[in-house]
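Note sheet for the following structure.
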Amino acid sequence: MSNINYDLGKIKGFIFDVDGVLSPNEIPLHPSGEPMRMINIKDGYAMQLAVKQSYVLAIITGGNTDSVRIRFESLGLQHIYMKSSKKILDLNDFMQKTGLKSEELVYVGDDIPDYEVMQKVGLPACPADAAPEIKSISKYISHLKGGEGVGRDIIEQVMKAQGRWMQGDAFGW
């Protein structure tokens, strides 16, 4: 049974912000000045499984580090928007390239740069520690903080509602 008040049968695509959603709000800095991110391994498992189950996944982030791109490409994501200064433009590009409609999309964000995008998708969602403005427009607020498995929480609920969790290639990477 899902905690999400939305017709999860409509969902065909997941879009995630990175910082504060798939990684914690705190970012250690490498001595070179490059931000280093911790990414939840269970989010990664759920993301690669969703790709294998033919969902379309994307990242739209203001960050721009090779490690983020490499990680999500290794999970099978083909739509990775880095250094996004106006996320709504990248969402529009993603929708045009994939043919997905707004009601078929989940967007998970945590702060003001995600606000416009979240107003356009069918299922705006956020972590428990998102900004108040983001919580106010979210149809689902995860019980987890950013970096603690928010991606897995949402993907798992959608896939279970569609009878696709633990199916097919679920038992391997």
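Here's how to read the names in the structure tokens: chain A, B, ... by the order shown, residue numbers from 1 in each chain, ligand numbers from 1 in the order shown.
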Members of range 13-171 of chain A assigned alpha helix (DSSP H) by DSSP, as a PyMOL selection string: chain A and resi 41-52+66-74+87-98+115-120+132-137+150-161
So that I can check the surroundings of Lys145 in chain A, please list as a ChimeraX atom specification every protein, DNA and RNA residue that reaches within 6 Å of it, counting only C-alpha atoms and ignoring chain neighbours fewer than 4 positions away. /A:127-129
Between A:Ile11, A:Val106, A:Val121, A:Leu29, smallest distance to Met159 in chain A by only C-alpha atoms belongs to A:Ile11
Nearest residue to Lys12 in chain A from the set A:Gly168, A:Gly99, A:Pro31, A:Gly147 (distances using only C-alpha atoms):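 Checking each of A:Gly168, A:Gly99, A:Pro31, A:Gly147 against Lys12 in chain A, counting only C-alpha atoms, the winner is A:Gly99.
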